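Here's the structure we're looking at; comments come further down.
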Amino acid sequence: MIEQYVLDLQEVDETQVAVVGGKGAHLGGLSRIEGIRVPGGFCVTTDAFRRIMAEAPSIDDRLDELSRLNPDDREAIGTLSAQIRRTIEGIAIPGDLTAAITRALAQLGEQAAYTVRSSATAEDLPTASFAGQQDTYLNVVGPTAILQHVRRCWASLFTERAVTYRQRNGIDHRTVHMAVVVQQMVFPHAAGILFTADPVTGNRKVATVDAGFGLGEALVSGLVNPDVYKVRHGEVVAKAIAAKQRAVHALPAGGTQEVAIDSQRQEQPALTDAQVVRLVRLGRRIEAHFGRPQDIEWCLVDDGFQIVQSRPITTLFPIPETGDQENHVYVSVGHGQMMTDPMKPLGLSVWRLTAMVPMCEAGGRLFVDVTRRLASPASRAGLLDVMGRGDPLIRDALETVLDRDDFVPSLPDAGPGGPPASGASAPIETDPAIVTELIERSQASIAALERDIRTKTGPALFDFLLAAFEEHKRVLSDPLNLQAIMAGMEATWWLNDKLQEWLGEKNAADTLTLSAPDNVTSEMGLALLDVADVIRPQSEVVAFLRGVEDEGFLDELAKLAGGTEARDAIEAYLDRYGMRCVGEIDITRPRWRERPTTLVPVILDNVRNFEPGAAERRFEQGRQKAQKKEQDVLSRLRALPDGDQKADEAKRMIDQVRTFIGYREYPKYGIISRYFVYKQALLEEAERLVQANVLAEKEDIFYLTFQELHDVVRSKRVDDQLIQQRKDAFRSYHALTPPRVLTSDGEAVTGAYRRDDVPAGALIGLPVSAGTIEGRARVILDMAKADLEAGDILVTTFTDPSWSPLFVGIAGLVTEVGGLMTHGAVIAREYGLPAVVGVEQATRLIRDGQRIRVHGTDGYVEILP
C-alpha cells in the first residue's frame, strides 16, 4: 500500500524501529515530547527499501557471498559492497513510490531545503549505536535531488564500514533494513552535541555540551574544536572556549561549504551560560522520555533550540540497581579475580550464590558495594589497606571518592556489610600437616559432591545444588582455611616490609617463595612439561598435533605409533586439571576437558622449547635458589644490631611463607573443581530439555539465571525472547571496559600511580615479582593462540590460574589487571619470572614483537627502540 511507503514524523514513535529505523523512530518520539522542537519532515519506510531490493534479484546472491567473508578481509568486502551500492543506486524508483515521496514534499514545500538522512533498523539501539555507519546529506533542494539522495541513503547500508561493523557484531545483513528521514533544513547560529551523562567518566549527574558556530557538521567531522561546557545540578561547573576558526554553512542552491570565521568572533562563546543550562534542561526531559542517557544533536535558531537527533550513549558502563536514591561505591570483583570479561547470566548467578560476600551485577560484571565500610572510620582504614596491597589503583580511586566530602557519609560504625576488611587474622602454627589436612578435607567434600549428585535430576537437582552451594561456602569459610591463606600472605608482606627496612632490599620475599610446596597452580604448569616429555620422542604424534582442530583428537591418537602413551598422558593431565580454563569463575566458559585443543599449542611449545626432565629440574633449581636466598638474608641480618633477634623473626616468617604460600592457590582449585561438577549436572539437565523440545540448544541455559533455569525445569516452558535479549546484551557487554571503582552516579573512577621514580615514557604498574628482564613482547589475548619462544615476555590483559602452563616457557610477565596476591603474581614469583601487573592498556601500548624491559622490582616497563 502506498500509505506505508511514507509516514510523517508526527505519526511515528520509538516503537516503530522496524518501520522507520532507529533515527526515524527517535525523531518521531522526540517530536511528541512537550517543549521539544523537532524540524518537520517524513520517513520513507523500510517497506520502500524492501520494494527496491526486490527490483534487483542479483543482490541476494551477493549478500550470501558477503556473509561468508572474513570481517578482516577488507579488500573483498570493499569490492563486493561497492557492487551492491552501485546496483541499488542504479535502480529506477517505481512510479507509485516516487509519487508518495513527492506528495509528502509538496505538503512541506517542494523548493525548500532538506536534510536526507539514513535510518537503519539496527541503529541508535541501546546495545549498538552504529553511529556514523550510514550517510546524511544536508541542504538538498528540489524533488529530483531528494529522490537521488534517498537512493544514496539506501545504498549506504552497504558501505564498507557498515558491512564490517555488522559482521564483527554477528548481525545478519538481511535482517537490517534502511528507512530514510527527509527533514526540513534548519540554518542555525550555533549547533553541537549534548551528552546527558559525561561520556568520559560516565557520571550521570554531569551533562557535557559541545558547541560551535554554523552547522553541527563542523563538530561531527572534526573540522573545529568545540567550546565545551560541563553542567551539574543546573549550573555550569566548567567550560573551555575554543578558537573556532572555521564553520560549515549552507549554500542557497544546495549543499554546504566551509567558511572562515571572522577573527573577532573566533574566541567568542557559541552559547551563553544561560543557554547552556536551558539546553541541558531540555536534554534531561529527553533523557527521562527515553529512559537512559542520550547523545543529542541540537541547533540554536533565533534563541530557540531545535533537536535534530537523539540516540542512547552506548559506551557508558551500566550502574548496579539498588532501588534506593542513596550514594553507593562499588569495587570490581573481576579485577581481584583476574577476569574482567563479561560473564553470562548463569555464570553471574552461580558465582553470587557461592560467594562469601553479597555482590551486585552491571554490564555482565560483578561488584561489591563497599559504601558502608568506607563510611565507618574503623573499617575504612582496613579496607583501604587490603585494597592497596592488592591493587594500588583501586585504593587510589577509593581515596579520590573519599576526598569528595559530600559523597560518602561518615557513620559511627560499619554495621552489616560483610566480614571485616582488615588483613589481620588469628595466628596459626607453622605446620605442613595443616595444609595436608585442608587439602584432604576439600578432596573429601568434592568426592561426596560427585557421588551424591549422580542420582539427582529435575527440580530435585536444584534443591540438591542449593544445599551444595552452602557446603561450598562452609568449606571456604572454614576458619583454618582462612588462617592458612592469610598466614602465607601476611608473612610475605612482613618479609617485604621488614627486609626493605633492615637490609634496603625490595621484594625480597619473591625469591624466598620460589618452588614453594603444595602449589597446585604451579604444579599444573610443570605437569604439562612432563606431558611434553612423553610426546617429544614420538615424531608421528608431534606432526599430528600440529594439525589438530577437532576436539575428538584424543581418540585419533591411539591409531598412531606412540599415540596411546601420548593420549594417556594428556588424559591423566585432564583428570587432574581439566576443570580449568581461562575466565574460570564463569561456570559457562568451556573447560579444558570440554575443549582440550586449547592445550595443544602449549604442549607443542613445550616440546620445542624444553629438554626432557625440565619440570623436575625447574622445581629443584627454584628450591635451591630460595634456600640460598634464605641463608644469605639470615647471615646479613645477624650482622646487624639486634641481629640474632631479627634473624630469628625472619626465619619464623620464611618458614611460614614456605609452609602456607603454596596453599594460597588451592581454594580456587577446589572452587573450580566443584564448578565443573555443577556444570556437568546442569548440562545433562539441559540435554533433557532439548530432548523435550523446551530448549533449542543446550547452551541456551547459560543465558538464564540459576533460579530462572530452576523455573524452566519445573514448568517445562522457556521464554525464547528473553534468551535472545540476553544473548544480544552479552554481545554488547564485550565493548564495555569495566571500571575498578564505580559510583552510583555512574562515574568510573580511575586510580593513578602517584609515583615520580620512573623514567619518562615508561609504563607504570605494580611490582609483583622481582628482577629485570629484556626480551620480545608477545601480546597474547587468547591462550589457544599462544606461540612462544624461550625468552619471550608475555603481555596480556589478565592471567588467571589457567594461564600458568604458559609461564614455564616465558622470561617475564606484564598484565593490565592484577595485584600482589592475585594468581598470576603468586605463580610468577614461584617460577622466578620478573613481573609487573596493573599496567593500564598494556596490550594496546605494547606491540607484539617489540623489545621491552620489565622492571619487576620497581614496577615499570620500558619499550626499547
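Chain labels follow the order of the C-alpha cells: the first chain is A, the next B, and so on; residue numbering restarts at 1 in every chain, and ligands are counted from 1 in their shown order.
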Could the residues of range 298-369 of chain A that have an atom at most 8 Å from range 35-39 of chain A be listed as JSON lines, each with its closest atom pair and the distance in Å to one decimal, counting only C-alpha atoms and ordered by chain and ascending residue number?
{"residue": "A:Phe305", "atom": "CA", "partner": "A:Arg37", "partner_atom": "CA", "distance": 7.0}
{"residue": "A:Gln306", "atom": "CA", "partner": "A:Arg37", "partner_atom": "CA", "distance": 5.0}
{"residue": "A:Ile307", "atom": "CA", "partner": "A:Val38", "partner_atom": "CA", "distance": 5.2}
{"residue": "A:Val308", "atom": "CA", "partner": "A:Val38", "partner_atom": "CA", "distance": 6.2}
Considering only C-alpha atoms, tabulate each residue of range 647-752 of chain A that lies at most 12 Å from range 337-346 of chain A along with its nearest interatomic pair and the corresponding distance in Å to one decimal; arrange the rows by chain and ascending residue number and present them as JSON lines.
{"residue": "A:Lys668", "atom": "CA", "partner": "A:Gln337", "partner_atom": "CA", "distance": 9.8}
{"residue": "A:Tyr675", "atom": "CA", "partner": "A:Leu346", "partner_atom": "CA", "distance": 11.8}
{"residue": "A:Tyr678", "atom": "CA", "partner": "A:Leu346", "partner_atom": "CA", "distance": 11.5}
{"residue": "A:Lys679", "atom": "CA", "partner": "A:Leu346", "partner_atom": "CA", "distance": 10.1}
{"residue": "A:Leu682", "atom": "CA", "partner": "A:Leu346", "partner_atom": "CA", "distance": 10.4}
{"residue": "A:Leu683", "atom": "CA", "partner": "A:Leu346", "partner_atom": "CA", "distance": 11.8}
{"residue": "A:Glu699", "atom": "CA", "partner": "A:Leu346", "partner_atom": "CA", "distance": 10.4}
{"residue": "A:Asp700", "atom": "CA", "partner": "A:Leu346", "partner_atom": "CA", "distance": 9.9}
{"residue": "A:Ile701", "atom": "CA", "partner": "A:Leu346", "partner_atom": "CA", "distance": 7.2}
{"residue": "A:Phe702", "atom": "CA", "partner": "A:Leu346", "partner_atom": "CA", "distance": 5.0}
{"residue": "A:Tyr703", "atom": "CA", "partner": "A:Pro345", "partner_atom": "CA", "distance": 5.1}
{"residue": "A:Leu704", "atom": "CA", "partner": "A:Leu346", "partner_atom": "CA", "distance": 5.5}
{"residue": "A:Thr705", "atom": "CA", "partner": "A:Leu346", "partner_atom": "CA", "distance": 4.5}
{"residue": "A:Phe706", "atom": "CA", "partner": "A:Leu346", "partner_atom": "CA", "distance": 5.7}
{"residue": "A:Gln707", "atom": "CA", "partner": "A:Leu346", "partner_atom": "CA", "distance": 9.1}
{"residue": "A:Glu708", "atom": "CA", "partner": "A:Leu346", "partner_atom": "CA", "distance": 9.1}
{"residue": "A:Leu709", "atom": "CA", "partner": "A:Leu346", "partner_atom": "CA", "distance": 8.5}
{"residue": "A:His710", "atom": "CA", "partner": "A:Leu346", "partner_atom": "CA", "distance": 11.2}
{"residue": "A:Leu722", "atom": "CA", "partner": "A:Pro345", "partner_atom": "CA", "distance": 11.5}
{"residue": "A:Ile723", "atom": "CA", "partner": "A:Pro345", "partner_atom": "CA", "distance": 10.0}
{"residue": "A:Gln725", "atom": "CA", "partner": "A:Pro345", "partner_atom": "CA", "distance": 11.6}
{"residue": "A:Arg726", "atom": "CA", "partner": "A:Pro345", "partner_atom": "CA", "distance": 7.9}
{"residue": "A:Lys727", "atom": "CA", "partner": "A:Lys344", "partner_atom": "CA", "distance": 8.6}
{"residue": "A:Asp728", "atom": "CA", "partner": "A:Lys344", "partner_atom": "CA", "distance": 11.2}
{"residue": "A:Ala729", "atom": "CA", "partner": "A:Lys344", "partner_atom": "CA", "distance": 9.6}
{"residue": "A:Phe730", "atom": "CA", "partner": "A:Lys344", "partner_atom": "CA", "distance": 6.7}
{"residue": "A:Arg731", "atom": "CA", "partner": "A:Pro342", "partner_atom": "CA", "distance": 8.9}
{"residue": "A:Ser732", "atom": "CA", "partner": "A:Pro342", "partner_atom": "CA", "distance": 9.5}
{"residue": "A:Tyr733", "atom": "CA", "partner": "A:Pro342", "partner_atom": "CA", "distance": 6.2}
{"residue": "A:His734", "atom": "CA", "partner": "A:Pro342", "partner_atom": "CA", "distance": 6.3}
{"residue": "A:Ala735", "atom": "CA", "partner": "A:Pro342", "partner_atom": "CA", "distance": 9.5}
{"residue": "A:Leu736", "atom": "CA", "partner": "A:Pro342", "partner_atom": "CA", "distance": 8.7}
{"residue": "A:Thr737", "atom": "CA", "partner": "A:Thr340", "partner_atom": "CA", "distance": 8.1}
{"residue": "A:Pro738", "atom": "CA", "partner": "A:Thr340", "partner_atom": "CA", "distance": 6.8}
{"residue": "A:Pro739", "atom": "CA", "partner": "A:Thr340", "partner_atom": "CA", "distance": 9.3}
{"residue": "A:Arg740", "atom": "CA", "partner": "A:Thr340", "partner_atom": "CA", "distance": 9.7}
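When only C-alpha atoms are used to measure the gap to Asp198 in chain A, the shortest distance among A:Asp210, A:Asp273, A:Glu584, A:Glu505 belongs to A:Asp210.
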For Ala786 in chain A, work out the shell of residues within 7 Å, counting only C-alpha atoms and skipping chain neighbours fewer than 4 positions away, then give it as a PyMOL selection string. chain A and resi 601-602+780+782
Export of the given selection (N, CA, C and O atoms) as a PDB file, in the first residue's frame:
ATOM      1  N   PRO A 601      48.607 -26.025  21.583  1.00  0.00           N
ATOM      2  CA  PRO A 601      49.722 -25.110  21.277  1.00  0.00           C
ATOM      3  C   PRO A 601      50.743 -25.035  22.417  1.00  0.00           C
ATOM      4  O   PRO A 601      51.944 -24.919  22.169  1.00  0.00           O
ATOM      5  N   VAL A 602      50.262 -25.099  23.669  1.00  0.00           N
ATOM      6  CA  VAL A 602      51.177 -25.008  24.814  1.00  0.00           C
ATOM      7  C   VAL A 602      52.044 -26.269  24.886  1.00  0.00           C
ATOM      8  O   VAL A 602      53.254 -26.188  25.132  1.00  0.00           O
ATOM      9  N   ILE A 780      49.402 -11.590  23.784  1.00  0.00           N
ATOM     10  CA  ILE A 780      48.525 -12.749  23.567  1.00  0.00           C
ATOM     11  C   ILE A 780      47.224 -12.539  24.338  1.00  0.00           C
ATOM     12  O   ILE A 780      47.237 -12.354  25.550  1.00  0.00           O
ATOM     13  N   ASP A 782      44.486 -14.678  23.629  1.00  0.00           N
ATOM     14  CA  ASP A 782      43.812 -15.972  23.646  1.00  0.00           C
ATOM     15  C   ASP A 782      44.871 -17.048  23.835  1.00  0.00           C
ATOM     16  O   ASP A 782      45.745 -17.226  22.988  1.00  0.00           O
TER      17      ASP A 782
END
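When CA of Lys456 in chain A is paired with CA of Val475 in chain A, their separation reads 21.9 Å.
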Counting only C-alpha atoms, what is within 8 Å of Gly832 in chain A, bar same-chain residues fewer than 4 positions away, as a list in words? Asp510, Thr511, Leu514, Gly622, Ser769, Ala770 and Ala828 of chain A
How would the residues just picked look written out with all heavy atoms as a PDB file, in the first residue's frame?
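File written: out.pdb
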ATOM      1  N   ASP A 510      60.058 -12.386  47.119  1.00  0.00           N
ATOM      2  CA  ASP A 510      59.825 -13.006  45.802  1.00  0.00           C
ATOM      3  C   ASP A 510      60.724 -14.222  45.598  1.00  0.00           C
ATOM      4  O   ASP A 510      60.278 -15.265  45.118  1.00  0.00           O
ATOM      5  CB  ASP A 510      60.058 -11.992  44.677  1.00  0.00           C
ATOM      6  CG  ASP A 510      59.051 -10.857  44.715  1.00  0.00           C
ATOM      7  OD1 ASP A 510      58.176 -10.879  45.606  1.00  0.00           O
ATOM      8  OD2 ASP A 510      59.135  -9.953  43.869  1.00  0.00           O
ATOM      9  N   THR A 511      62.002 -14.094  45.944  1.00  0.00           N
ATOM     10  CA  THR A 511      62.932 -15.217  45.768  1.00  0.00           C
ATOM     11  C   THR A 511      62.672 -16.288  46.820  1.00  0.00           C
ATOM     12  O   THR A 511      62.811 -17.486  46.550  1.00  0.00           O
ATOM     13  CB  THR A 511      64.392 -14.719  45.857  1.00  0.00           C
ATOM     14  OG1 THR A 511      64.532 -13.599  44.995  1.00  0.00           O
ATOM     15  CG2 THR A 511      65.372 -15.796  45.428  1.00  0.00           C
ATOM     16  N   LEU A 514      60.161 -19.066  45.795  1.00  0.00           N
ATOM     17  CA  LEU A 514      60.410 -19.928  44.624  1.00  0.00           C
ATOM     18  C   LEU A 514      60.160 -21.398  44.975  1.00  0.00           C
ATOM     19  O   LEU A 514      60.602 -21.876  46.021  1.00  0.00           O
ATOM     20  CB  LEU A 514      61.855 -19.779  44.144  1.00  0.00           C
ATOM     21  CG  LEU A 514      62.222 -18.488  43.406  1.00  0.00           C
ATOM     22  CD1 LEU A 514      63.723 -18.399  43.206  1.00  0.00           C
ATOM     23  CD2 LEU A 514      61.513 -18.414  42.067  1.00  0.00           C
ATOM     24  N   GLY A 622      64.593 -23.797  41.564  1.00  0.00           N
ATOM     25  CA  GLY A 622      63.882 -22.782  42.336  1.00  0.00           C
ATOM     26  C   GLY A 622      64.029 -23.012  43.831  1.00  0.00           C
ATOM     27  O   GLY A 622      64.260 -22.076  44.607  1.00  0.00           O
ATOM     28  N   SER A 769      56.908  -9.377  41.138  1.00  0.00           N
ATOM     29  CA  SER A 769      57.906 -10.448  41.140  1.00  0.00           C
ATOM     30  C   SER A 769      59.225  -9.849  40.699  1.00  0.00           C
ATOM     31  O   SER A 769      59.333  -9.295  39.595  1.00  0.00           O
ATOM     32  CB  SER A 769      57.471 -11.588  40.215  1.00  0.00           C
ATOM     33  OG  SER A 769      58.372 -12.669  40.332  1.00  0.00           O
ATOM     34  N   ALA A 770      60.232  -9.927  41.580  1.00  0.00           N
ATOM     35  CA  ALA A 770      61.457  -9.145  41.413  1.00  0.00           C
ATOM     36  C   ALA A 770      62.305  -9.622  40.244  1.00  0.00           C
ATOM     37  O   ALA A 770      62.190 -10.750  39.772  1.00  0.00           O
ATOM     38  CB  ALA A 770      62.274  -9.212  42.704  1.00  0.00           C
ATOM     39  N   ALA A 828      54.121 -16.176  39.153  1.00  0.00           N
ATOM     40  CA  ALA A 828      55.330 -15.522  38.627  1.00  0.00           C
ATOM     41  C   ALA A 828      56.452 -15.603  39.654  1.00  0.00           C
ATOM     42  O   ALA A 828      57.610 -15.894  39.310  1.00  0.00           O
ATOM     43  CB  ALA A 828      55.022 -14.067  38.271  1.00  0.00           C
TER      44      ALA A 828
END
Backbone-only DSSP, strand (DSSP E or B) members of range 357-491 of chain A, as a ChimeraX atom specification: /A:360-362,365-369
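Each of A:Asp757, A:Glu287, A:Glu217, A:Glu551 was checked against Ile33 in chain A using only C-alpha atoms; the smallest atom-to-atom distance is that of A:Glu287.
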DSSP on the backbone: what in range 222-462 of chain A comes out alpha helix (DSSP H), as number ranges by chain? A: 273-290, 333-337, 345-354, 371-375, 377-390, 392-403, 432-453, 458-462
At a cut-off of 10 Å, using only C-alpha atoms, what residues contact Glu649 in chain A? Leave out same-chain residues fewer than 6 positions from it and give the result as a ChimeraX atom specification. /A:495,498,634,643
